[in-house]
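See below for the structure under consideration.
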Amino acid sequence: MKREGSPLKGVMTIALKEAADHMTSARMHLIMLLVLLTAAGAVYAAIDQIRATTSEDPFLFLKLFTVARQPLPSFASFMGFLLPLVAIALGFDGVNGEFGRRTMSRILAQPIYRDAVLFGKFLGGMLVIGIALLTLWLLMIGLGILLLGLPPSAGDMARSLAYLAATLIYTGVWLALALAFSTLIKAPATSALAALSVWLIFSIFWSMITPFVANVISPVDPFNPISVVNAFETQQALARISPATLYGEVAQMLLDPASRSVGPVFMSQMQGALVGAPLPTLQSILIVWPQISGLFAAMVLLFTGAYVFFQRQEVRA
Amino acid sequence: MNTRTSMFWGALVACTLLSNAPAYAQTDAMKTSSVQPYGFWLTTPTPEFTANAGKKISIPLSVINDTEEPRRAEITLNGVPDGWTYALKGSGHEVAAAMVAPGDTGSLTLELTPPSGAKAKAYPLDIKAKYSGGTAELPLAVTISDAPEASATLVPELPALRGGVKTSFEYKMKLTNDGADDALFNLAADVPPGFQTTFKKGYGSEEITGIPVKAGQTADVTLQVKLDNSVPAGQYPIHVMTVAGDQHAAADLALQVTGSPKLDLTGPQQRLSGTAVAGKETSFTFKLDNSGSAPAKAVKLAATAPSGWKVSFDPAELPGLKPGDEQDVNVTIKPTEKAIAGDYMVTMNARAEGTSTSARFRTTVETSTMWGIVGLGVIGLAVIVLAMAVMRYGRR
C-alpha cells in the first residue's frame, strides 16, 4: 500500500524535543563544561601570548583561535579534538537508547513516519551543537574585545564566521557517525565504544599510520625526486580520509589569511609571490572548498547510511 | 709767522693752482731735508675734475696742521656760481670751521651740487681757511661736461649654454661699476615661462637680488637657471639686467634645451594592481605616455613575471611616441596553471632610446572556481543519494 503525505512531517517536533532533552541532560552539561573550560584556558593563554609578542596584525582576532602557548594547544586544535566527543556524546545512544528504554514503539505510535524520528534526532543534535558553538564563538569574541581592547575587523568576522560554519559541519560528521553506530549496534555501550574508537583512530593514530601505508603504495626512490613528491601526495591523500585532517586544513586556511595552499608548494610557484600578503576571504574559502564539501558530503552519506539501515530495521521488538 | 703762511707747496704739486708763490726758499723747512714741512694747509686729492650737471659732487678736503699749537680755521667757499648749492660737512654735521690738533689732519667733505641747467664749462672755485696766523687757500676747478657718465658693464663669461631639462645652467658674469660712486646693483633676468632663475655672488651659495660694487671695481655674479620638466626642446633667450640708480647694464644670454623623452607606464584606472585567474588570460589596459620634451624612439615593452606566466603586450613595439602623446597598451597576463592563490609581482618595462620606465604590477591570482563547482557537485550527489534513500525507504 502506498502511504500518503510528507515523510518529514513532525521532524521539527521531534528535533525540538530532542534538543530540549539534550539541553537538560547531565551528560551534555558535563561535556560542555569540559569544552568551555579548555576553550577558555586556550583563549586566555593565547591572549597572553598575543599581548607579549604581537605588536600589530590586521587579523588580530584570528590569532585568538590559532596561537598556542605551551603546554596548552590552540583553540582550533582543541576544537578539532574535543568536538567529536561532544557529537558522540549526543548521538551514540540516539536510536538504540530508545529501544533500550522501550520507548521506540511509543514514539512510532504517534502519527508520524519513521523518517521523522531519525531526521529529528539528527537535526536536534545539530541544533544543540549549533547553539553550543555559537555560544563558544561569542564567548571568544567577547573575551577578545575585553582582553585585547580592540573591536574585531570585518575580515576577522567574515573569516571566523566561515570557520564557525565549517566547525558545525565537522561536528555534524561525527554526529552522523555516532547516529549510524547507534542504529547498527543494539547495545549503547558498544556503539559508544565503536564511535570512540573511530574518533581515537582518526584523531590520534591516523597521522602515525599514513606514512607507513603511503610508503607501501608509493615507495620513495632516493634517486628520483618525483617519487618523493608522489609519496608525499599519497600520504596527504590518505591523511585526508580522516575528517580531523580535513578540518585542520580548513581551520588553518580560514584562520591564517597569509597561508596560500594546503598541499605541497614548489619553489617555482613561489617565484615572484608576495609572501605574507593576506588572501581575500573568498579565495581562502575557495581553496579549502573541496575539504568543506568533502566533510559535508561525508556527513550526508553517513546519515543516509544510518537512515537506510534504520528504515529497514524491525522496530516491534 | 708770516713765513709759515706761505708754505703751500707739498701736496699741491700735481695740479693745484697756488695763489701764493711757491716758497721753495723757506728757511726753517729747508734747514734739514728730513724735517717735516712746517705750516698749515688745506688740500684735496682732486683739485680739478669733471662732473655732470645736476648731480651732487663730493670733494674730500684735508686740513693739515703742522704747527706746534692747535689751530681753528674758518672755512669759506668763494666763487660759487648762482644756483649752485654746497655744504661743508665734517663728521656728519654741516660745519663752518675746523679745529686741528698739532701734527694732525682734519677731514672735511665739500658737497657741491651744480644745477641741472649748468652750462658745460670750467668753473673756478676758491676755498679759504682763515686761521689765526693767516689764510690757507685751495683753488678748485670744476668742469661741467655734457658727456654721459661712465656706467656699469655686465660681461658674461660664456653667453650660450646647452643642456637638457634636468641640467642646472650657470652663467658667470662680471659686473663692473664704471661709475664714480659705489652702488648697489639690483639684478633681474627676463626668462621664458618654465624657467627659474637665481643669482649668486661668485661661487657663493646665498641667493641674492642685488650686489654692492665699489666704484671702478668688478664683482662676479652667477646666474643659475633651472627648467621645468615641461620645457620643450629649443633655443631660448635670457635677458639679464642690472640697475643701480641711473646706472644700468644688460647682457643677452642664450640657452639651448636639448629635449629628452620620458616614458610613464600607468595601470588601469591609475592602479597598479589587478586580479587574474590561474591558467586564464586576463587583459589590462595600460597607458604609456611620453611626458618628456623629445619624441621617444623605438619603444619596446617587456615584462618580468614569475616562471610559467605569460605576459603579452599589444602593441609590443612602437616606432615612436611624441612628447605629450599617450598610447593604450593592452597587457594580457596569464598566470601558470599551477599558480597558487595570492599576490605576485609582475614588473613591466617600457624601453626607448635613452630612457626606460618600469611599473610593478601587483597581480592577485585567484584559484579557479572549477573545484568549487566540483565540490558543490559532490554535495549535490550526496543529497541526491539521501533523497533517493528517502524515496525508496521512506514513509514506513
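Following the order of the C-alpha cells, first chain is A, next is B, and so on, with residues numbered from 1 inside each chain and ligands from 1 in the order they appear.
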Test item: chain A residues at most 9 Å from chain B, counting only C-alpha atoms, as a PyMOL selection string: chain A and resi 2-8+112-116+258-261+265+268-275+277-280+283-284+286-287+289-294+296-301+303-305+307-308+311-312
Store the residues of this selection in a file with C-alpha atoms, as a PDB file, in the first residue's frame.
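This is the output file selection.pdb:
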ATOM      1  CA  LYS A   2       1.321   3.461  -0.943  1.00  0.00           C
ATOM      2  CA  ARG A   3       1.405   5.795   2.036  1.00  0.00           C
ATOM      3  CA  GLU A   4       0.465   9.451   1.686  1.00  0.00           C
ATOM      4  CA  GLY A   5       1.894  12.790   2.879  1.00  0.00           C
ATOM      5  CA  SER A   6       5.343  14.131   3.560  1.00  0.00           C
ATOM      6  CA  PRO A   7       7.743  11.693   5.175  1.00  0.00           C
ATOM      7  CA  LEU A   8       9.248  14.595   7.092  1.00  0.00           C
ATOM      8  CA  ILE A 112       4.446  10.372  12.142  1.00  0.00           C
ATOM      9  CA  TYR A 113       6.565   8.374   9.783  1.00  0.00           C
ATOM     10  CA  ARG A 114       9.703   6.614  10.896  1.00  0.00           C
ATOM     11  CA  ASP A 115      11.767   9.078   8.724  1.00  0.00           C
ATOM     12  CA  ALA A 116      10.900  11.880  11.066  1.00  0.00           C
ATOM     13  CA  ALA A 258      48.558  34.592   4.758  1.00  0.00           C
ATOM     14  CA  SER A 259      48.523  30.855   4.055  1.00  0.00           C
ATOM     15  CA  ARG A 260      48.028  30.085   0.413  1.00  0.00           C
ATOM     16  CA  SER A 261      47.922  26.372  -0.053  1.00  0.00           C
ATOM     17  CA  VAL A 265      54.299  24.145  -2.824  1.00  0.00           C
ATOM     18  CA  SER A 268      58.815  27.733  -8.881  1.00  0.00           C
ATOM     19  CA  GLN A 269      55.315  28.504  -7.664  1.00  0.00           C
ATOM     20  CA  MET A 270      56.643  30.875  -5.049  1.00  0.00           C
ATOM     21  CA  GLN A 271      58.754  32.859  -7.504  1.00  0.00           C
ATOM     22  CA  GLY A 272      57.547  36.438  -7.651  1.00  0.00           C
ATOM     23  CA  ALA A 273      54.979  35.802  -4.942  1.00  0.00           C
ATOM     24  CA  LEU A 274      54.496  38.328  -2.175  1.00  0.00           C
ATOM     25  CA  VAL A 275      54.804  36.147   0.887  1.00  0.00           C
ATOM     26  CA  ALA A 277      50.132  39.176   1.829  1.00  0.00           C
ATOM     27  CA  PRO A 278      46.694  38.146   3.068  1.00  0.00           C
ATOM     28  CA  LEU A 279      44.356  36.369   0.682  1.00  0.00           C
ATOM     29  CA  PRO A 280      40.811  37.620   0.175  1.00  0.00           C
ATOM     30  CA  GLN A 283      39.804  32.943  -2.015  1.00  0.00           C
ATOM     31  CA  SER A 284      40.699  31.222   1.247  1.00  0.00           C
ATOM     32  CA  LEU A 286      37.648  28.576  -2.317  1.00  0.00           C
ATOM     33  CA  ILE A 287      40.979  26.887  -1.610  1.00  0.00           C
ATOM     34  CA  TRP A 289      36.161  24.329  -0.532  1.00  0.00           C
ATOM     35  CA  PRO A 290      36.974  20.720  -1.566  1.00  0.00           C
ATOM     36  CA  GLN A 291      37.654  19.919   2.101  1.00  0.00           C
ATOM     37  CA  ILE A 292      34.447  21.613   3.250  1.00  0.00           C
ATOM     38  CA  SER A 293      32.320  19.950   0.595  1.00  0.00           C
ATOM     39  CA  GLY A 294      34.003  16.619   1.389  1.00  0.00           C
ATOM     40  CA  PHE A 296      29.510  17.968   4.121  1.00  0.00           C
ATOM     41  CA  ALA A 297      29.137  15.039   1.740  1.00  0.00           C
ATOM     42  CA  ALA A 298      30.558  12.657   4.364  1.00  0.00           C
ATOM     43  CA  MET A 299      28.000  13.943   6.860  1.00  0.00           C
ATOM     44  CA  VAL A 300      25.113  13.451   4.413  1.00  0.00           C
ATOM     45  CA  LEU A 301      26.293   9.997   3.317  1.00  0.00           C
ATOM     46  CA  PHE A 303      23.389   9.945   7.768  1.00  0.00           C
ATOM     47  CA  THR A 304      21.965   8.295   4.641  1.00  0.00           C
ATOM     48  CA  GLY A 305      23.567   5.003   5.694  1.00  0.00           C
ATOM     49  CA  TYR A 307      18.740   6.238   7.633  1.00  0.00           C
ATOM     50  CA  VAL A 308      18.614   3.307   5.237  1.00  0.00           C
ATOM     51  CA  GLN A 311      14.237   2.262   7.869  1.00  0.00           C
ATOM     52  CA  ARG A 312      14.854  -1.428   7.186  1.00  0.00           C
TER      53      ARG A 312
END
Non-local contacts of Ala141 (chain B) (9 Å; only C-alpha atoms; under 5 positions in same chain excluded) as a PyMOL selection string: chain B and resi 47-50+122-126
Contacts of region 93-100 of chain B at 8 Å (only C-alpha atoms; same-chain gap of 3+ positions) as a VMD selection string: chain B and resid 63 to 65 70 to 76 87 to 90 104 to 106
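Note that the spacing between CA of Gly92 (chain B) and CA of Ile57 (chain B) amounts to 16.0 Å.
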Residue contacts of Phe185 (chain B) (7 Å, only C-alpha atoms) excluding same-chain residues fewer than 4 positions away, as a PyMOL selection string: chain B and resi 210-212+242-244
Output of the above residues as an mmCIF file, in the first residue's frame, restricted to C-alpha atoms:
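Okay, out-v5.cif is ready:
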data_model
loop_
_atom_site.group_PDB
_atom_site.id
_atom_site.type_symbol
_atom_site.label_atom_id
_atom_site.label_comp_id
_atom_site.auth_asym_id
_atom_site.auth_seq_id
_atom_site.Cartn_x
_atom_site.Cartn_y
_atom_site.Cartn_z
ATOM 1 C CA GLY B 210 71.385 92.732 -5.585
ATOM 2 C CA ILE B 211 75.111 93.163 -5.176
ATOM 3 C CA PRO B 212 77.134 96.165 -3.981
ATOM 4 C CA THR B 242 71.185 95.217 -13.577
ATOM 5 C CA VAL B 243 70.256 98.650 -12.315
ATOM 6 C CA ALA B 244 71.733 100.929 -9.690
#
